[in-house]
Amino acid sequence: MTDTLSHWDKVYQSKDHAQVSWHQDHATLSFDWILAYTNKNANIIDVGSGVSILADNLLDEGYANLSLLELSFTAIQTTQERLKSDANKVNFYNENILNFQSDTQFDLWHDRAVFHFLTDEEDRQTYLNKLNQYLKPQGYFLLATFAPTGPKQCSELAIVQYDKDKITQLLGKKFNLIKTTSETHLHPNGSTQDFNYFLFQKI
Ligand SMILES: C[S@@+](CC[C@H](N)C(=O)[O-])C[C@H]1O[C@@H](n2cnc3c(N)ncnc32)[C@H](O)[C@@H]1O
């Protein structure tokens, strides 16, 4: 995992953050779905938040209980500097999701392009155990991954592509699929990447 940490920290130290393939100017579907399914006091965690603009977008809407979890300290520092005094309104966890421990249970767990890096079955199960442990009953799991028509790698690392059947089977009976849609993400270099978005509710 040290290798994973150094990979991501190097990415955020060496690359223009607006040029990384997953960059968004606005958090599009994630933002729309969070607004549609939660209220502004909801406890929301963005897992593998990177330098995503999602937190800024939600703070602007008045969301008051945001947590960002991210492996790379450089990404956390960048986010804190960008948010300025608003950073004080956010809980930051600089850690690996596979080791996550908290006293909080969340109303919504957001993951855009993080779970899909777990190519190892044991790691996937560890992640799903954390999700089960820290998501409230009736809480939402909003997941975005590369689609089967999308790339096979992200940031030069192998990923697992998901469609509705594959992810629904993996999550099992404790989660109901509320909705799913695809999104063609525009890479800053002008190419496109097919994502699938899934919104699950925990039973
Ligand atoms: C492709 S980026 C997506 C970033 C962000 N979710 C977004 O949509 O802009 C993946 C992010 O997940 C982080 N990450 C990867 N594996 C992780 C892990 N096991 N625990 C926590 N963060 C992780 C990386 O450091 C990176 O910031």
# chains A, B, ... in the order shown; residues from 1 in each chain; ligands from 1
$ select_by_dssp --residues "region 50-143 of chain A" --states "strand (DSSP E or B)" --output "PyMOL selection string"
chain A and resi 65-69+90-93+106-112+135-143
$ write_last_selection --atoms "N, CA and C atoms" --output "PDB file, in the first residue's frame"
ATOM      1  N   ASN A  65     -22.078  19.073   7.132  1.00  0.00           N
ATOM      2  CA  ASN A  65     -21.398  17.926   7.755  1.00  0.00           C
ATOM      3  C   ASN A  65     -20.677  17.078   6.707  1.00  0.00           C
ATOM      4  N   LEU A  66     -19.605  17.669   6.196  1.00  0.00           N
ATOM      5  CA  LEU A  66     -18.843  16.994   5.135  1.00  0.00           C
ATOM      6  C   LEU A  66     -17.550  16.414   5.693  1.00  0.00           C
ATOM      7  N   SER A  67     -17.228  15.205   5.221  1.00  0.00           N
ATOM      8  CA  SER A  67     -15.946  14.585   5.542  1.00  0.00           C
ATOM      9  C   SER A  67     -15.270  14.192   4.238  1.00  0.00           C
ATOM     10  N   LEU A  68     -13.972  14.449   4.161  1.00  0.00           N
ATOM     11  CA  LEU A  68     -13.193  14.050   2.984  1.00  0.00           C
ATOM     12  C   LEU A  68     -12.110  13.090   3.442  1.00  0.00           C
ATOM     13  N   LEU A  69     -12.068  11.930   2.794  1.00  0.00           N
ATOM     14  CA  LEU A  69     -11.035  10.947   3.110  1.00  0.00           C
ATOM     15  C   LEU A  69     -10.149  10.781   1.893  1.00  0.00           C
ATOM     16  N   VAL A  90     -14.935  21.331   7.363  1.00  0.00           N
ATOM     17  CA  VAL A  90     -14.856  19.981   6.804  1.00  0.00           C
ATOM     18  C   VAL A  90     -13.993  19.095   7.710  1.00  0.00           C
ATOM     19  N   ASN A  91     -14.384  17.824   7.865  1.00  0.00           N
ATOM     20  CA  ASN A  91     -13.525  16.849   8.560  1.00  0.00           C
ATOM     21  C   ASN A  91     -12.633  16.181   7.525  1.00  0.00           C
ATOM     22  N   PHE A  92     -11.337  16.203   7.779  1.00  0.00           N
ATOM     23  CA  PHE A  92     -10.404  15.556   6.843  1.00  0.00           C
ATOM     24  C   PHE A  92      -9.844  14.284   7.467  1.00  0.00           C
ATOM     25  N   TYR A  93      -9.827  13.238   6.689  1.00  0.00           N
ATOM     26  CA  TYR A  93      -9.174  11.989   7.093  1.00  0.00           C
ATOM     27  C   TYR A  93      -8.084  11.709   6.064  1.00  0.00           C
ATOM     28  N   PHE A 106     -22.493   7.545   8.442  1.00  0.00           N
ATOM     29  CA  PHE A 106     -22.804   8.523   7.409  1.00  0.00           C
ATOM     30  C   PHE A 106     -24.163   8.263   6.755  1.00  0.00           C
ATOM     31  N   ASP A 107     -24.774   9.380   6.304  1.00  0.00           N
ATOM     32  CA  ASP A 107     -26.039   9.293   5.547  1.00  0.00           C
ATOM     33  C   ASP A 107     -25.759   9.001   4.077  1.00  0.00           C
ATOM     34  N   LEU A 108     -24.604   9.464   3.613  1.00  0.00           N
ATOM     35  CA  LEU A 108     -24.260   9.223   2.204  1.00  0.00           C
ATOM     36  C   LEU A 108     -22.749   9.053   2.083  1.00  0.00           C
ATOM     37  N   TRP A 109     -22.390   8.012   1.352  1.00  0.00           N
ATOM     38  CA  TRP A 109     -20.971   7.659   1.106  1.00  0.00           C
ATOM     39  C   TRP A 109     -20.754   7.829  -0.385  1.00  0.00           C
ATOM     40  N   HIS A 110     -19.880   8.790  -0.750  1.00  0.00           N
ATOM     41  CA  HIS A 110     -19.625   9.067  -2.170  1.00  0.00           C
ATOM     42  C   HIS A 110     -18.252   8.525  -2.568  1.00  0.00           C
ATOM     43  N   ASP A 111     -18.220   7.892  -3.721  1.00  0.00           N
ATOM     44  CA  ASP A 111     -16.960   7.368  -4.256  1.00  0.00           C
ATOM     45  C   ASP A 111     -16.970   7.534  -5.765  1.00  0.00           C
ATOM     46  N   ARG A 112     -16.157   8.454  -6.250  1.00  0.00           N
ATOM     47  CA  ARG A 112     -16.006   8.600  -7.711  1.00  0.00           C
ATOM     48  C   ARG A 112     -14.588   8.185  -8.081  1.00  0.00           C
ATOM     49  N   LEU A 135     -22.008   3.192   7.050  1.00  0.00           N
ATOM     50  CA  LEU A 135     -23.170   3.795   6.405  1.00  0.00           C
ATOM     51  C   LEU A 135     -24.403   3.452   7.247  1.00  0.00           C
ATOM     52  N   LYS A 136     -25.203   4.494   7.550  1.00  0.00           N
ATOM     53  CA  LYS A 136     -26.413   4.268   8.366  1.00  0.00           C
ATOM     54  C   LYS A 136     -27.399   3.380   7.610  1.00  0.00           C
ATOM     55  N   PRO A 137     -28.271   2.676   8.310  1.00  0.00           N
ATOM     56  CA  PRO A 137     -29.395   2.014   7.635  1.00  0.00           C
ATOM     57  C   PRO A 137     -30.188   3.091   6.870  1.00  0.00           C
ATOM     58  N   GLN A 138     -30.628   2.788   5.692  1.00  0.00           N
ATOM     59  CA  GLN A 138     -31.317   3.726   4.770  1.00  0.00           C
ATOM     60  C   GLN A 138     -30.354   4.743   4.143  1.00  0.00           C
ATOM     61  N   GLY A 139     -29.054   4.649   4.489  1.00  0.00           N
ATOM     62  CA  GLY A 139     -28.076   5.572   3.914  1.00  0.00           C
ATOM     63  C   GLY A 139     -27.786   5.230   2.457  1.00  0.00           C
ATOM     64  N   TYR A 140     -27.187   6.193   1.760  1.00  0.00           N
ATOM     65  CA  TYR A 140     -26.947   6.045   0.315  1.00  0.00           C
ATOM     66  C   TYR A 140     -25.467   5.813   0.004  1.00  0.00           C
ATOM     67  N   PHE A 141     -25.249   4.953  -0.958  1.00  0.00           N
ATOM     68  CA  PHE A 141     -23.913   4.718  -1.507  1.00  0.00           C
ATOM     69  C   PHE A 141     -23.927   5.195  -2.961  1.00  0.00           C
ATOM     70  N   LEU A 142     -23.231   6.312  -3.205  1.00  0.00           N
ATOM     71  CA  LEU A 142     -23.195   6.887  -4.561  1.00  0.00           C
ATOM     72  C   LEU A 142     -21.823   6.571  -5.146  1.00  0.00           C
ATOM     73  N   LEU A 143     -21.824   5.708  -6.140  1.00  0.00           N
ATOM     74  CA  LEU A 143     -20.577   5.163  -6.687  1.00  0.00           C
ATOM     75  C   LEU A 143     -20.457   5.495  -8.172  1.00  0.00           C
TER      76      LEU A 143
END
$ residues_near_ligand --ligand "ligand 1" --cutoff "9 Å" --atoms "only C-alpha atoms and all ligand atoms" --output "PyMOL selection string"
chain A and resi 1+4-5+7-9+11-12+20-24+27+46-54+69-73+75-76+94-100+110-115+117-118+123+127+144+154-155
$ write_last_selection --atoms "C-alpha atoms" --output "PDB file, in the first residue's frame"
ATOM      1  CA  MET A   1       0.000   0.000   0.000  1.00  0.00           C
ATOM      2  CA  THR A   4      -0.142   3.136  -3.809  1.00  0.00           C
ATOM      3  CA  LEU A   5       0.384   6.060  -1.460  1.00  0.00           C
ATOM      4  CA  HIS A   7       1.911   6.767  -6.602  1.00  0.00           C
ATOM      5  CA  TRP A   8      -0.922   9.121  -5.664  1.00  0.00           C
ATOM      6  CA  ASP A   9       1.191  11.600  -3.764  1.00  0.00           C
ATOM      7  CA  VAL A  11       0.564  12.421  -9.076  1.00  0.00           C
ATOM      8  CA  TYR A  12      -0.630  15.358  -6.981  1.00  0.00           C
ATOM      9  CA  VAL A  20      -5.572  14.974 -14.476  1.00  0.00           C
ATOM     10  CA  SER A  21      -7.962  12.751 -16.432  1.00  0.00           C
ATOM     11  CA  TRP A  22     -10.648  12.723 -13.721  1.00  0.00           C
ATOM     12  CA  HIS A  23     -10.746  16.528 -13.307  1.00  0.00           C
ATOM     13  CA  GLN A  24     -14.180  18.198 -13.238  1.00  0.00           C
ATOM     14  CA  ALA A  27     -19.240  17.779  -9.736  1.00  0.00           C
ATOM     15  CA  ASP A  46     -16.315  11.612  -0.019  1.00  0.00           C
ATOM     16  CA  VAL A  47     -13.975   8.628  -0.140  1.00  0.00           C
ATOM     17  CA  GLY A  48     -10.793   9.239  -2.162  1.00  0.00           C
ATOM     18  CA  SER A  49     -11.708  12.887  -2.567  1.00  0.00           C
ATOM     19  CA  GLY A  50      -8.455  13.827  -4.300  1.00  0.00           C
ATOM     20  CA  VAL A  51      -8.700  17.521  -5.168  1.00  0.00           C
ATOM     21  CA  SER A  52     -12.334  17.205  -6.236  1.00  0.00           C
ATOM     22  CA  ILE A  53     -14.539  20.280  -6.455  1.00  0.00           C
ATOM     23  CA  LEU A  54     -17.471  18.342  -4.934  1.00  0.00           C
ATOM     24  CA  LEU A  69     -11.035  10.947   3.110  1.00  0.00           C
ATOM     25  CA  GLU A  70      -7.929  10.827   0.964  1.00  0.00           C
ATOM     26  CA  LEU A  71      -4.699   8.818   0.870  1.00  0.00           C
ATOM     27  CA  SER A  72      -2.522  11.648  -0.460  1.00  0.00           C
ATOM     28  CA  PHE A  73      -1.576  14.360   2.010  1.00  0.00           C
ATOM     29  CA  ALA A  75      -4.236  16.356  -2.238  1.00  0.00           C
ATOM     30  CA  ILE A  76      -5.627  17.158   1.223  1.00  0.00           C
ATOM     31  CA  ASN A  94      -5.733  11.467   5.588  1.00  0.00           C
ATOM     32  CA  GLU A  95      -5.801   7.700   5.360  1.00  0.00           C
ATOM     33  CA  ASN A  96      -6.439   4.599   3.348  1.00  0.00           C
ATOM     34  CA  ILE A  97     -10.105   3.687   3.203  1.00  0.00           C
ATOM     35  CA  LEU A  98      -9.127   0.078   3.853  1.00  0.00           C
ATOM     36  CA  ASN A  99      -7.924   1.123   7.351  1.00  0.00           C
ATOM     37  CA  PHE A 100     -10.725   3.604   8.050  1.00  0.00           C
ATOM     38  CA  HIS A 110     -19.625   9.067  -2.170  1.00  0.00           C
ATOM     39  CA  ASP A 111     -16.960   7.368  -4.256  1.00  0.00           C
ATOM     40  CA  ARG A 112     -16.006   8.600  -7.711  1.00  0.00           C
ATOM     41  CA  ALA A 113     -13.238   6.591  -9.348  1.00  0.00           C
ATOM     42  CA  VAL A 114     -11.753   5.046  -6.201  1.00  0.00           C
ATOM     43  CA  PHE A 115     -13.450   1.676  -5.599  1.00  0.00           C
ATOM     44  CA  PHE A 117      -8.920   0.579  -8.305  1.00  0.00           C
ATOM     45  CA  LEU A 118      -9.531  -2.372  -5.991  1.00  0.00           C
ATOM     46  CA  ASP A 123      -9.446  -5.450  -0.659  1.00  0.00           C
ATOM     47  CA  TYR A 127     -13.920  -1.834   1.537  1.00  0.00           C
ATOM     48  CA  ALA A 144     -18.991   6.166 -10.000  1.00  0.00           C
ATOM     49  CA  CYS A 154      -6.901   5.082 -14.642  1.00  0.00           C
ATOM     50  CA  SER A 155      -3.801   7.078 -13.699  1.00  0.00           C
TER      51      SER A 155
END
$ closest_residue --among "A:Leu199, A:Ala55, A:Gln105, A:Leu29" --to "Arg82 (chain A)" --atoms "only C-alpha atoms"
A:Ala55
$ closest_residue --among "A:Asp120, A:Leu59, A:Ile34, A:Asp16" --to "Ala87 (chain A)" --atoms "only C-alpha atoms"
A:Leu59
$ atom_distance --atom1 "CA of Ala158 (chain A)" --atom2 "CA of His116 (chain A)"
8.7 Å
$ residues_around --residues "Phe146 (chain A)" --least-positions-apart "3" --cutoff "9 Å" --atoms "only C-alpha atoms" --output "list in words"
Ala113, His116, Thr149, Gly150, Pro151, Lys152, Gln153, Cys154, Ile159, Val160, Gln161, Tyr162, Asp163, Gln193, Asp194, Phe195, Asn196 and Tyr197 of chain A
$ write_last_selection --atoms "C-alpha atoms" --output "tab-separated table (two decimals), in the first residue's frame"
chain	number	residue	atom	x	y	z
A	113	ALA	CA	-13.24	6.59	-9.35
A	116	HIS	CA	-12.66	0.70	-9.19
A	149	THR	CA	-17.01	0.70	-22.60
A	150	GLY	CA	-14.55	2.94	-20.73
A	151	PRO	CA	-10.80	2.73	-20.13
A	152	LYS	CA	-9.16	-0.31	-18.52
A	153	GLN	CA	-6.70	1.86	-16.63
A	154	CYS	CA	-6.90	5.08	-14.64
A	159	ILE	CA	-9.06	-0.82	-12.68
A	160	VAL	CA	-12.22	-2.96	-12.66
A	161	GLN	CA	-15.07	-1.78	-14.90
A	162	TYR	CA	-18.61	-2.13	-13.58
A	163	ASP	CA	-22.07	-2.35	-15.05
A	193	GLN	CA	-14.13	8.35	-20.76
A	194	ASP	CA	-17.32	6.35	-20.13
A	195	PHE	CA	-18.37	6.28	-16.48
A	196	ASN	CA	-21.29	4.51	-14.83
A	197	TYR	CA	-22.95	6.10	-11.81
$ atom_distance --atom1 "CA of Asn176 (chain A)" --atom2 "CA of Gln201 (chain A)"
5.2 Å
$ atom_distance --atom1 "CA of His187 (chain A)" --atom2 "CA of Gln80 (chain A)"
24.4 Å
